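Enquirer: Contents are mmCIF, C-alpha atoms and all ligand atoms; file name protein03.cif:
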data_work
#
loop_
_atom_site.label_atom_id
_atom_site.label_comp_id
_atom_site.auth_asym_id
_atom_site.auth_seq_id
_atom_site.Cartn_x
_atom_site.Cartn_y
_atom_site.Cartn_z
CA MET A 1 -15.50 32.06 14.62
CA ARG A 2 -18.82 31.25 16.16
CA PHE A 3 -19.91 27.65 16.71
CA PRO A 4 -22.04 26.26 15.12
CA GLU A 5 -23.17 29.29 13.03
CA ASP A 6 -19.87 29.77 11.19
CA VAL A 7 -19.18 26.13 10.46
CA PRO A 8 -19.47 25.79 6.68
CA VAL A 9 -21.57 22.93 5.32
CA LEU A 10 -19.67 21.09 2.59
CA THR A 11 -21.15 18.43 0.37
CA ASP A 12 -20.36 16.46 -2.78
CA GLY A 13 -23.91 15.15 -3.12
CA VAL A 14 -23.17 11.82 -1.37
CA ILE A 15 -21.77 12.92 1.98
CA THR A 16 -22.17 16.17 3.88
CA LEU A 17 -19.76 17.74 6.34
CA ARG A 18 -21.61 19.76 8.99
CA ALA A 19 -21.21 21.07 12.53
CA HIS A 20 -21.49 18.47 15.29
CA THR A 21 -24.64 18.46 17.43
CA PRO A 22 -25.37 16.72 20.76
CA THR A 23 -27.18 13.96 18.79
CA ASP A 24 -23.72 12.86 17.57
CA ILE A 25 -22.59 11.96 21.11
CA ASP A 26 -24.12 8.49 21.20
CA PRO A 27 -23.02 7.34 17.72
CA ALA A 28 -19.53 8.80 18.33
CA TYR A 29 -19.33 6.93 21.66
CA GLU A 30 -20.40 3.70 19.95
CA ALA A 31 -17.89 4.12 17.10
CA CYS A 32 -15.09 4.63 19.63
CA GLN A 33 -15.72 1.18 21.15
CA ASP A 34 -14.40 -0.31 17.90
CA PRO A 35 -10.97 -1.97 18.36
CA GLU A 36 -9.70 -0.49 15.05
CA MET A 37 -10.57 2.98 16.26
CA GLN A 38 -8.72 2.37 19.53
CA ARG A 39 -5.74 0.78 17.82
CA TRP A 40 -5.11 3.49 15.23
CA THR A 41 -6.12 6.74 16.94
CA THR A 42 -5.23 8.59 20.13
CA ILE A 43 -8.66 8.39 21.80
CA PRO A 44 -8.80 7.47 25.50
CA VAL A 45 -9.11 3.73 26.23
CA PRO A 46 -11.45 2.68 27.76
CA TYR A 47 -13.65 5.21 26.00
CA GLU A 48 -16.56 6.37 28.20
CA ARG A 49 -19.72 8.20 27.17
CA GLN A 50 -18.36 11.21 29.03
CA ASN A 51 -15.39 11.30 26.62
CA ALA A 52 -17.76 11.59 23.65
CA GLU A 53 -19.77 14.29 25.38
CA THR A 54 -16.64 16.35 26.16
CA TYR A 55 -15.42 15.89 22.60
CA VAL A 56 -18.66 16.88 20.85
CA THR A 57 -19.79 19.68 23.14
CA GLY A 58 -16.44 20.99 24.41
CA ILE A 59 -13.32 20.17 22.39
CA ILE A 60 -14.86 20.57 18.94
CA PRO A 61 -16.63 23.93 19.52
CA THR A 62 -13.46 25.29 21.18
CA GLY A 63 -11.41 24.28 18.15
CA TRP A 64 -13.67 26.32 15.85
CA ARG A 65 -13.88 29.32 18.18
CA GLU A 66 -10.11 29.46 18.61
CA GLU A 67 -9.52 28.54 14.95
CA THR A 68 -7.04 25.83 15.87
CA THR A 69 -8.93 22.65 14.83
CA TYR A 70 -11.85 22.52 12.41
CA ALA A 71 -13.81 19.30 12.92
CA TRP A 72 -16.89 18.31 10.91
CA ALA A 73 -19.40 15.55 11.48
CA ILE A 74 -19.77 13.39 8.39
CA GLU A 75 -23.37 12.74 7.41
CA TYR A 76 -23.88 9.69 5.19
CA GLU A 77 -27.21 8.03 4.37
CA GLY A 78 -28.91 10.44 6.76
CA ARG A 79 -26.79 9.40 9.78
CA TYR A 80 -23.69 10.53 11.62
CA ALA A 81 -20.92 8.42 10.09
CA GLY A 82 -17.71 9.87 11.55
CA THR A 83 -15.52 12.90 11.91
CA VAL A 84 -12.89 14.62 9.81
CA ASP A 85 -10.79 17.46 11.14
CA LEU A 86 -8.18 19.96 10.00
CA ARG A 87 -5.57 20.89 12.59
CA ASP A 88 -3.77 24.19 12.05
CA THR A 89 -0.02 23.75 12.52
CA GLU A 90 0.56 27.49 11.92
CA GLY A 91 2.29 29.30 9.10
CA GLY A 92 -0.18 28.18 6.44
CA THR A 93 0.00 24.42 6.93
CA GLY A 94 -2.00 21.83 8.77
CA GLU A 95 -2.85 18.19 9.30
CA ILE A 96 -5.92 16.12 8.60
CA GLY A 97 -7.36 13.53 10.99
CA PHE A 98 -10.32 11.24 10.47
CA ALA A 99 -12.38 8.27 11.56
CA VAL A 100 -15.48 6.54 10.24
CA SER A 101 -18.00 4.44 12.15
CA PRO A 102 -17.57 0.72 11.39
CA TRP A 103 -20.99 0.47 9.63
CA ALA A 104 -20.00 3.09 7.06
CA ARG A 105 -16.55 1.79 6.13
CA GLY A 106 -15.53 0.61 2.69
CA HIS A 107 -18.01 2.84 0.80
CA GLY A 108 -15.60 5.63 -0.04
CA VAL A 109 -17.03 7.87 2.70
CA MET A 110 -13.70 8.93 4.10
CA THR A 111 -12.07 9.54 0.74
CA ARG A 112 -14.94 11.90 -0.10
CA ALA A 113 -14.70 13.64 3.28
CA VAL A 114 -10.93 14.07 2.96
CA ARG A 115 -11.27 15.62 -0.51
CA LEU A 116 -13.90 18.10 0.73
CA ALA A 117 -11.90 19.07 3.81
CA VAL A 118 -8.61 19.43 1.92
CA ARG A 119 -10.22 21.64 -0.74
CA HIS A 120 -11.59 23.78 2.10
CA ALA A 121 -8.10 23.98 3.63
CA PHE A 122 -6.64 25.29 0.36
CA ASP A 123 -9.50 27.41 -0.97
CA VAL A 124 -10.87 28.95 2.25
CA LEU A 125 -8.17 28.65 4.93
CA GLY A 126 -5.42 29.39 2.42
CA TRP A 127 -3.15 26.57 3.61
CA ARG A 128 -0.22 25.63 1.39
CA ARG A 129 0.13 22.06 2.62
CA VAL A 130 -2.04 19.46 4.32
CA SER A 131 -0.26 16.51 5.92
CA TRP A 132 -1.66 13.11 6.77
CA ARG A 133 -0.13 10.95 9.48
CA ALA A 134 -0.99 7.37 10.41
CA PHE A 135 0.58 4.66 12.47
CA VAL A 136 2.46 2.21 10.25
CA GLY A 137 0.18 -0.71 9.42
CA ASN A 138 -3.06 1.28 9.16
CA TRP A 139 -3.65 0.23 5.57
CA ALA A 140 -7.24 1.51 5.37
CA SER A 141 -6.04 4.99 6.30
CA ARG A 142 -3.10 4.76 3.91
CA ARG A 143 -5.45 3.77 1.11
CA VAL A 144 -7.65 6.81 1.82
CA ALA A 145 -4.61 9.11 1.75
CA TRP A 146 -3.40 7.48 -1.49
CA LYS A 147 -6.83 7.81 -3.14
CA ALA A 148 -7.03 11.47 -2.12
CA GLY A 149 -3.67 12.27 -3.74
CA PHE A 150 -1.32 12.46 -0.72
CA ARG A 151 2.23 11.80 -1.89
CA GLN A 152 5.91 11.55 -1.03
CA LEU A 153 5.17 9.18 1.80
CA VAL A 154 7.90 8.68 4.37
CA LYS A 155 8.14 6.46 7.41
CA VAL A 156 9.13 8.24 10.61
CA ARG A 157 10.49 5.97 13.29
CA ASP A 158 8.66 6.57 16.59
CA GLY A 159 6.90 9.53 14.95
CA GLY A 160 3.49 8.79 16.50
CA LEU A 161 2.35 8.85 20.11
CA ALA A 162 -0.80 7.31 21.58
CA ARG A 163 -1.51 6.99 25.27
CA GLY A 164 2.17 7.32 26.15
CA VAL A 165 3.46 4.77 23.64
CA ARG A 166 5.50 5.68 20.55
CA TYR A 167 4.71 4.13 17.17
CA ASP A 168 6.34 4.33 13.76
CA GLU A 169 4.37 6.62 11.58
CA TRP A 170 3.71 7.28 7.89
CA VAL A 171 3.57 10.90 6.78
CA ALA A 172 2.51 12.22 3.37
CA SER A 173 1.13 15.51 2.11
CA VAL A 174 -0.77 17.39 -0.61
CA THR A 175 -0.37 20.94 -1.86
CA PRO A 176 -2.91 23.24 -3.56
CA ASP A 177 -1.96 22.42 -7.14
CA ASP A 178 -2.21 18.65 -6.54
CA GLU A 179 -5.16 16.86 -8.04
CA LEU A 180 -6.75 14.91 -5.20
CA GLU A 181 -6.25 11.63 -7.06
CA PRO A 182 -3.66 8.80 -6.74
CA LYS A 183 -0.20 9.79 -7.94
CA THR A 184 1.23 6.30 -8.38
CA PRO A 185 -0.38 2.91 -8.98
CA TRP A 186 -1.35 0.66 -6.08
CA TRP A 187 -1.08 -2.68 -7.82
CA ASP A 188 -3.55 -5.51 -7.46
CA VAL A 189 -2.20 -9.05 -7.39
CA PRO A 190 -4.70 -10.99 -9.48
CA VAL A 191 -4.86 -14.78 -9.50
CA LEU A 192 -3.50 -15.96 -12.87
CA GLU A 193 -4.38 -19.52 -13.80
CA GLY A 194 -2.18 -21.67 -16.02
CA GLU A 195 -2.07 -25.40 -16.68
CA LYS A 196 1.14 -25.99 -14.76
CA VAL A 197 0.95 -23.24 -12.19
CA ARG A 198 -1.33 -20.74 -10.54
CA LEU A 199 0.02 -17.31 -9.62
CA ARG A 200 -1.70 -15.95 -6.52
CA PRO A 201 -0.96 -13.50 -3.69
CA LEU A 202 1.43 -14.74 -1.02
CA ARG A 203 -0.22 -15.38 2.32
CA PRO A 204 1.00 -15.92 5.89
CA ALA A 205 0.56 -19.70 5.60
CA ASP A 206 3.26 -19.77 2.88
CA ALA A 207 5.97 -18.68 5.34
CA GLU A 208 7.35 -22.15 6.02
CA ARG A 209 7.73 -23.03 2.32
CA VAL A 210 9.29 -19.61 1.64
CA ALA A 211 11.80 -20.19 4.44
CA GLU A 212 12.64 -23.66 3.10
CA ALA A 213 13.15 -22.31 -0.42
CA CYS A 214 15.27 -19.37 0.66
CA ASN A 215 17.42 -21.45 2.97
CA ASP A 216 18.35 -23.68 0.09
CA GLU A 217 22.02 -23.67 -0.83
CA ARG A 218 21.44 -22.84 -4.49
CA THR A 219 19.09 -19.97 -3.75
CA LEU A 220 21.51 -18.55 -1.18
CA HIS A 221 24.43 -18.93 -3.58
CA TRP A 222 22.80 -16.91 -6.38
CA LEU A 223 20.81 -14.44 -4.28
CA ALA A 224 23.47 -13.17 -1.92
CA ALA A 225 21.31 -10.32 -0.60
CA MET A 226 19.09 -12.80 1.26
CA PRO A 227 19.71 -13.24 4.98
CA SER A 228 21.60 -16.43 5.76
CA PRO A 229 20.44 -18.46 7.57
CA TYR A 230 17.00 -17.48 6.30
CA LYS A 231 14.66 -17.83 9.28
CA LEU A 232 10.89 -18.24 9.50
CA GLU A 233 10.70 -14.61 10.70
CA ASP A 234 12.50 -13.51 7.51
CA ALA A 235 9.87 -15.31 5.46
CA GLN A 236 7.06 -13.75 7.50
CA ALA A 237 8.57 -10.28 7.06
CA PHE A 238 8.96 -10.88 3.32
CA ILE A 239 5.30 -11.88 2.97
CA GLU A 240 4.10 -8.98 5.13
CA ASN A 241 6.15 -6.55 3.06
CA ARG A 242 4.39 -7.55 -0.19
CA ILE A 243 1.57 -5.07 0.51
CA GLU A 244 4.11 -2.27 0.92
CA VAL A 245 5.74 -2.89 -2.47
CA GLN A 246 2.32 -3.09 -4.14
CA ALA A 247 1.00 0.03 -2.39
CA SER A 248 4.05 2.07 -3.37
CA GLY A 249 3.66 0.94 -6.98
CA GLU A 250 7.12 -0.68 -6.99
CA CYS A 251 6.42 -4.33 -7.49
CA VAL A 252 3.87 -7.07 -8.04
CA SER A 253 4.86 -10.32 -6.44
CA TRP A 254 3.07 -13.65 -6.60
CA ALA A 255 3.34 -17.05 -5.05
CA ILE A 256 3.87 -19.61 -7.79
CA ALA A 257 1.44 -22.28 -6.61
CA ASP A 258 0.48 -25.79 -7.60
CA PRO A 259 -2.82 -25.47 -9.51
CA VAL A 260 -4.28 -28.49 -7.70
CA THR A 261 -2.97 -28.33 -4.14
CA ASP A 262 -2.28 -24.55 -4.10
CA GLU A 263 1.02 -25.29 -2.31
CA LEU A 264 3.75 -22.70 -2.82
CA LEU A 265 6.31 -23.77 -5.43
CA GLY A 266 8.17 -20.50 -5.77
CA ASN A 267 7.98 -16.75 -6.06
CA ILE A 268 7.86 -14.47 -9.05
CA SER A 269 7.94 -10.68 -9.14
CA VAL A 270 7.78 -7.92 -11.69
CA PHE A 271 9.62 -5.06 -10.02
CA ASP A 272 11.27 -1.66 -10.52
CA LEU A 273 7.90 -0.48 -11.80
CA GLN A 274 8.42 3.11 -10.64
CA HIS A 275 11.25 4.09 -12.94
CA ARG A 276 12.31 7.74 -12.57
CA VAL A 277 11.52 8.78 -16.13
CA ASP A 278 9.83 5.84 -17.84
CA ASN A 279 6.96 3.97 -16.23
CA THR A 280 6.74 1.36 -18.99
CA LEU A 281 9.71 -0.69 -17.78
CA GLY A 282 9.97 -3.61 -15.38
CA GLU A 283 12.26 -6.41 -14.31
CA VAL A 284 11.32 -10.04 -13.80
CA GLY A 285 12.79 -11.99 -10.86
CA TYR A 286 12.05 -15.41 -9.38
CA TRP A 287 13.10 -18.34 -7.28
CA ALA A 288 11.75 -21.88 -6.97
CA HIS A 289 11.43 -24.21 -3.99
CA PRO A 290 13.99 -27.05 -4.36
CA ASP A 291 11.25 -29.68 -4.70
CA ALA A 292 9.66 -27.76 -7.59
CA ARG A 293 12.76 -27.42 -9.77
CA GLY A 294 13.40 -29.06 -13.13
CA ARG A 295 9.80 -29.32 -14.33
CA GLY A 296 9.14 -26.04 -16.08
CA VAL A 297 7.35 -24.40 -13.16
CA VAL A 298 9.22 -21.10 -13.31
CA THR A 299 9.13 -20.98 -17.12
CA ALA A 300 5.35 -21.30 -16.91
CA ALA A 301 5.13 -18.69 -14.15
CA VAL A 302 7.20 -16.20 -16.15
CA ALA A 303 4.87 -16.66 -19.14
CA LEU A 304 1.85 -15.73 -17.01
CA ALA A 305 3.64 -12.80 -15.39
CA ILE A 306 4.79 -11.44 -18.78
CA ARG A 307 1.27 -11.56 -20.17
CA HIS A 308 0.01 -9.61 -17.16
CA ALA A 309 2.89 -7.13 -17.34
CA PHE A 310 2.21 -6.35 -21.01
CA THR A 311 -1.55 -6.00 -20.53
CA PRO A 312 -2.58 -2.31 -20.55
CA ILE A 313 -3.30 -0.73 -17.17
CA ASP A 314 -6.92 0.04 -18.08
CA GLU A 315 -7.40 -3.68 -18.79
CA GLY A 316 -6.07 -4.59 -15.34
CA GLY A 317 -2.42 -5.22 -16.25
CA LEU A 318 0.82 -3.39 -15.57
CA GLY A 319 1.04 -1.53 -18.89
CA ARG A 320 4.70 -2.42 -19.49
CA ARG A 321 6.46 -1.95 -22.82
CA ARG A 322 9.82 -3.51 -22.01
CA LEU A 323 10.87 -6.11 -19.46
CA ILE A 324 14.37 -7.05 -18.49
CA LEU A 325 15.65 -10.20 -16.83
CA LEU A 326 19.11 -10.66 -15.35
CA ALA A 327 20.65 -14.09 -14.82
CA ALA A 328 23.98 -14.70 -13.12
CA ALA A 329 26.48 -16.16 -15.57
CA GLY A 330 26.57 -19.88 -14.95
CA ASN A 331 22.99 -20.04 -13.67
CA THR A 332 21.91 -22.14 -16.62
CA ALA A 333 18.43 -22.85 -15.26
CA SER A 334 17.68 -19.15 -15.02
CA GLU A 335 19.02 -18.44 -18.52
CA HIS A 336 16.85 -21.24 -19.82
CA VAL A 337 13.73 -19.64 -18.28
CA ALA A 338 14.53 -16.37 -20.11
CA VAL A 339 15.18 -17.98 -23.48
CA ALA A 340 12.14 -20.26 -23.23
CA ASN A 341 9.98 -17.18 -22.77
CA GLY A 342 11.33 -15.39 -25.84
CA PHE A 343 13.69 -12.96 -24.12
CA THR A 344 16.60 -11.68 -26.21
CA ARG A 345 20.09 -11.80 -24.78
CA THR A 346 21.38 -8.24 -25.04
CA GLY A 347 24.71 -8.33 -23.25
CA THR A 348 26.74 -9.01 -20.16
CA ASP A 349 27.28 -6.82 -17.13
CA ARG A 350 30.71 -7.79 -15.87
CA ALA A 351 31.53 -8.68 -12.23
CA THR A 352 28.33 -7.12 -10.92
CA SER A 353 26.36 -9.65 -8.92
CA PRO A 354 27.73 -10.35 -5.43
CA LEU A 355 27.85 -14.04 -4.58
CA ARG A 356 27.78 -15.62 -1.14
CA ASP A 357 31.50 -16.51 -1.27
CA GLY A 358 32.48 -12.83 -1.66
CA SER A 359 33.17 -13.01 -5.38
CA TYR A 360 31.16 -11.28 -8.12
CA SER A 361 29.59 -12.99 -11.08
CA ASP A 362 28.78 -11.53 -14.47
CA LEU A 363 25.11 -10.96 -15.14
CA ILE A 364 23.61 -11.97 -18.45
CA ARG A 365 21.13 -9.35 -19.50
CA PHE A 366 17.93 -10.19 -21.40
CA ASP A 367 15.03 -8.07 -22.58
CA LEU A 368 11.59 -8.59 -24.00
CA LEU A 369 9.49 -5.96 -25.77
CA VAL A 370 5.73 -5.90 -25.93
CA THR A 371 6.13 -5.95 -29.72
CA ASP A 372 8.20 -9.17 -29.70
CA PRO A 373 6.48 -12.28 -31.05
CA VAL A 374 4.52 -14.09 -28.37
CA ARG A 375 5.87 -17.53 -27.43
CA THR A 376 3.24 -20.20 -27.12
CA SER A 377 4.33 -21.05 -23.66
CA SER A 378 3.90 -23.91 -21.32
CA ALA A 379 1.98 -21.86 -18.74
C1 LIG B 1 -9.41 4.58 7.93
C2 LIG B 1 -10.91 4.78 7.79
C3 LIG B 1 -11.23 6.19 8.19
C4 LIG B 1 -11.32 4.54 6.33
O1 LIG B 1 -12.68 4.92 6.15
P1 LIG B 1 -13.55 4.40 4.91
O2 LIG B 1 -14.75 5.25 4.78
O3 LIG B 1 -13.72 2.93 5.00
O4 LIG B 1 -12.56 4.75 3.70
P2 LIG B 1 -12.85 4.55 2.14
O5 LIG B 1 -13.99 3.63 1.92
O6 LIG B 1 -12.89 5.91 1.52
O7 LIG B 1 -11.48 3.85 1.68
C5 LIG B 1 -10.96 2.76 2.40
C6 LIG B 1 -10.10 1.95 1.46
O8 LIG B 1 -9.22 1.16 2.23
C7 LIG B 1 -9.31 -0.18 1.77
N1 LIG B 1 -8.91 -1.01 2.89
C8 LIG B 1 -9.56 -1.25 4.05
N2 LIG B 1 -8.82 -2.07 4.82
C9 LIG B 1 -7.67 -2.33 4.14
C10 LIG B 1 -6.53 -3.12 4.39
N3 LIG B 1 -6.39 -3.79 5.52
N4 LIG B 1 -5.56 -3.17 3.45
C11 LIG B 1 -5.67 -2.49 2.30
N5 LIG B 1 -6.74 -1.72 2.00
C12 LIG B 1 -7.72 -1.65 2.90
C13 LIG B 1 -10.74 -0.31 1.33
O9 LIG B 1 -10.89 -1.42 0.47
C14 LIG B 1 -10.91 1.02 0.60
O10 LIG B 1 -10.28 1.02 -0.66
P3 LIG B 1 -11.12 0.85 -2.04
O11 LIG B 1 -12.18 1.90 -2.04
O12 LIG B 1 -10.12 1.08 -3.10
O13 LIG B 1 -11.68 -0.53 -2.00
C15 LIG B 1 -11.70 3.78 8.68
O14 LIG B 1 -11.25 2.46 8.40
C16 LIG B 1 -11.54 4.05 10.18
O15 LIG B 1 -12.27 4.86 10.72
N6 LIG B 1 -10.60 3.35 10.84
C17 LIG B 1 -10.37 3.54 12.27
C18 LIG B 1 -9.86 4.94 12.60
C19 LIG B 1 -8.65 5.32 11.80
O16 LIG B 1 -7.83 4.48 11.49
N7 LIG B 1 -8.51 6.61 11.48
C20 LIG B 1 -7.38 7.11 10.73
C21 LIG B 1 -6.24 7.37 11.65
S1 LIG B 1 -4.84 7.95 10.75
#
Before anything else, please render the file you have as structure tokens.

Expert:
Amino acid sequence: MRFPEDVPVLTDGVITLRAHTPTDIDPAYEACQDPEMQRWTTIPVPYERQNAETYVTGIIPTGWREETTYAWAIEYEGRYAGTVDLRDTEGGTGEIGFAVSPWARGHGVMTRAVRLAVRHAFDVLGWRRVSWRAFVGNWASRRVAWKAGFRQLVKVRDGGLARGVRYDEWVASVTPDDELEPKTPWWDVPVLEGEKVRLRPLRPADAERVAEACNDERTLHWLAAMPSPYKLEDAQAFIENRIEVQASGECVSWAIADPVTDELLGNISVFDLQHRVDNTLGEVGYWAHPDARGRGVVTAAVALAIRHAFTPIDEGGLGRRRLILLAAAGNTASEHVAVANGFTRTGTDRATSPLRDGSYSDLIRFDLLVTDPVRTSSA
């Protein structure tokens, strides 16, 4: 191919993908000073103007001429806003790479650019798969890939390499018959206000209270899967992992907080939201900080979570039809929370829940249907 004559111009009416020109050198150089750009991509650091010049006038034209990498400049609001490229990995597959200048972020620019480039890969280059790779933790990139329909995400340990250092990497892909739209929900965690409690996203400052709650003897007894002793780092990892479970559509997890002081009183989750055949199911799970027990805090939190879980997805809820709740036999407080919220006891799973002492307890099984009468709760 000839550069720039053979570079196709692609547009969706808001952004345009076009061949790079020397006028892109300065804005590309500026964008590459951004710490996010340096953290998440493989560009040289420090990044000199010469690097931008070589990239725009050497590396990119060579990629087109040799048909190995097809890189477009993204034009948005009449300015150079970044670059998206398709890298041929031979045999009818390739990878996509991208970056947007800081001023243009958060306007959907990259999602648009990715959709245009991927359609080109399928319709013109005839690729059968486009893969996206990002260093673990690059949530903005992951969100773009999710919005553009990339799926079956896996984490590859030490899969990425930048400037001689290995990083864990996410990899996902799309194929020609995929719609370039999200395949699974990425749940929001809205603030839900009640009289007794507020449900809100967990945040790093909650770590100490989480560690205290999870180090408690009663919590450790009933929830044997928790690390023991439960350290501050465990709490930090738990809080950090909340975004992962939301992004994968698996779980929505809130801090149960005091409505006045906002202090963490416990945790409540609706999980198992990606059931293999039926995406209208969910399970409710919770724990309370020892100093918050015995005053209806969890009962109130469950009431708020249920209401959200049964709210249709297009009204901002989780669109659930049936919720289950499992309480270890003998955990009277937990059974009480279920009954107080209108759950029906449906049976007992025998010797199923491992306890800290090595024995197994029965689990009392409860369910609640969206059609069940609503309890006027103490939320
Ligand atoms: C990744 C990048 C290209 C995204 O560009 P963009 O034009 O802002 O992307 P979009 O606006 O289409 O989408 C970004 C989404 O990520 C979301 N987002 C941003 N930071 C986030 C974070 N820390 N956690 C979760 N979501 C985040 C935005 O809210 C937006 O989602 P929304 O539209 O649903 O609100 C840009 O941030 C960038 O250039 N980063 C540095 C280079 C880089 O990381 N390149 C990719 C290497 S794999």

Enquirer: What are the closest atom pairs, with distances in Å to one decimal, for each residue of chain A lying within 9 Å of ligand LIG 1 (chain B), using all atoms listed in the file, rows by chain and rising residue number, as CSV?

Expert:
residue,atom,partner,partner_atom,distance
A:Ala31,CA,B:LIG1,O15,8.5
A:Cys32,CA,B:LIG1,C18,8.8
A:Asp34,CA,B:LIG1,C17,7.9
A:Pro35,CA,B:LIG1,C17,8.2
A:Glu36,CA,B:LIG1,C17,4.9
A:Met37,CA,B:LIG1,C17,4.0
A:Gln38,CA,B:LIG1,C18,7.5
A:Arg39,CA,B:LIG1,O16,7.6
A:Trp40,CA,B:LIG1,O16,4.7
A:Thr41,CA,B:LIG1,C21,5.3
A:Thr42,CA,B:LIG1,C21,8.6
A:Ala81,CA,B:LIG1,O2,8.7
A:Gly82,CA,B:LIG1,O15,7.4
A:Thr83,CA,B:LIG1,O15,8.8
A:Val84,CA,B:LIG1,C3,8.7
A:Ile96,CA,B:LIG1,S1,8.5
A:Gly97,CA,B:LIG1,S1,6.1
A:Phe98,CA,B:LIG1,N7,5.1
A:Ala99,CA,B:LIG1,O15,3.5
A:Val100,CA,B:LIG1,O15,3.7
A:Ser101,CA,B:LIG1,O15,5.9
A:Pro102,CA,B:LIG1,O15,6.8
A:Trp103,CA,B:LIG1,O3,9.0
A:Ala104,CA,B:LIG1,O2,6.1
A:Arg105,CA,B:LIG1,O3,3.3
A:Gly106,CA,B:LIG1,O5,3.5
A:His107,CA,B:LIG1,O5,4.2
A:Gly108,CA,B:LIG1,O6,3.1
A:Val109,CA,B:LIG1,O2,4.0
A:Met110,CA,B:LIG1,O2,3.9
A:Thr111,CA,B:LIG1,O6,3.8
A:Arg112,CA,B:LIG1,O6,6.5
A:Ala113,CA,B:LIG1,O6,8.1
A:Val114,CA,B:LIG1,O6,8.5
A:Trp132,CA,B:LIG1,S1,7.3
A:Arg133,CA,B:LIG1,S1,5.7
A:Ala134,CA,B:LIG1,S1,3.9
A:Phe135,CA,B:LIG1,S1,6.6
A:Gly137,CA,B:LIG1,N3,8.2
A:Asn138,CA,B:LIG1,O16,6.2
A:Trp139,CA,B:LIG1,N4,4.4
A:Ala140,CA,B:LIG1,O8,3.7
A:Ser141,CA,B:LIG1,C1,3.8
A:Arg142,CA,B:LIG1,O8,7.3
A:Arg143,CA,B:LIG1,O8,4.7
A:Val144,CA,B:LIG1,O7,4.8
A:Ala145,CA,B:LIG1,O7,8.7
A:Lys147,CA,B:LIG1,O12,7.5
A:Ala148,CA,B:LIG1,O6,8.9
A:Ile243,CA,B:LIG1,C11,7.9
A:Ala247,CA,B:LIG1,C11,8.5

Enquirer: Any idea what's packed within 12 Å of Asp278 (chain A), counting all atoms listed in the file, ignoring anything in its chain fewer than 3 positions away? Could you give it as an mmCIF file with C-alpha atoms, in the frame of the given file?

Expert:
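Ended up saving to out-v5.cif:
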data_model
loop_
_atom_site.group_PDB
_atom_site.id
_atom_site.type_symbol
_atom_site.label_atom_id
_atom_site.label_comp_id
_atom_site.auth_asym_id
_atom_site.auth_seq_id
_atom_site.Cartn_x
_atom_site.Cartn_y
_atom_site.Cartn_z
ATOM 1 C CA ASP A 272 11.270 -1.660 -10.520
ATOM 2 C CA LEU A 273 7.900 -0.480 -11.800
ATOM 3 C CA GLN A 274 8.420 3.110 -10.640
ATOM 4 C CA HIS A 275 11.250 4.090 -12.940
ATOM 5 C CA LEU A 281 9.710 -0.690 -17.780
ATOM 6 C CA GLY A 282 9.970 -3.610 -15.380
ATOM 7 C CA GLY A 319 1.040 -1.530 -18.890
ATOM 8 C CA ARG A 320 4.700 -2.420 -19.490
ATOM 9 C CA ARG A 321 6.460 -1.950 -22.820
ATOM 10 C CA ARG A 322 9.820 -3.510 -22.010
#

Enquirer: List the neighbours of region 47-50 of chain A out to 9 Å using all atoms listed in the file; skip same-chain residues closer than 6 positions along the sequence, and give me the result as a ChimeraX atom specification.

Expert: /A:25-26,28-30,32-33,38

Enquirer: What lies within 12 Å of region 291-300 of chain A using all atoms listed in the file, ignoring chain neighbours under 4 positions off, as a PyMOL selection string?

Expert: chain A and resi 192-199+209+212-213+216+218-219+254-259+263-269+284-287+304-307+332-343+375-379

Enquirer: Ranking A:Ser361, A:Thr62, A:Thr348, A:Gln246 by minimum distance to Trp186 (chain A) and counting all atoms listed in the file, which one comes first?

Expert: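 Distance minimum relative to Trp186 (chain A) lands on A:Gln246.
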
Enquirer: Which residue is closest to His289 (chain A)? Choose from A:Gln236, A:Val277, A:Asp206, A:Thr371 and count all atoms listed in the file.

Expert: A:Asp206

Enquirer: Just how far from CA of Ala52 (chain A) is CA of Met1 (chain A), in Å to one decimal?

Expert: 22.5 Å

Enquirer: Interatomic distance between CA of Glu67 (chain A) and CA of Ala19 (chain A)?

Expert: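 So the two atoms, CA of Glu67 (chain A) and CA of Ala19 (chain A), lie 14.1 Å apart.
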
Enquirer: Just to confirm, what's the straight-line distance from CA of Val210 (chain A) to CA of Ala235 (chain A) in Å (one decimal)?

Expert: 5.8 Å

Enquirer: Have a look at A:Phe238, A:Phe122, A:Tyr360, A:Trp72 and name the one nearest to His221 (chain A); count all atoms listed in the file.

Expert: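 Of all the options, A:Tyr360 lies closest to His221 (chain A).
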
Enquirer: Mind checking which residues fall within 9 Å of region 166-180 of chain A, counting all atoms listed in the file, ignoring those fewer than 2 positions away in the same chain, and posting them as a PyMOL selection string?

Expert: chain A and resi 95+115+118-119+121-123+126-137+142+145-164+182-183

Enquirer: Choose the residue, out of A:Pro44, A:Pro190, A:Pro201, A:Gly358, that has the smallest atom-to-atom separation from Gly316 (chain A); count all atoms listed in the file.

Expert: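 Answer, going by the shortest atom-to-atom distance: A:Pro190.
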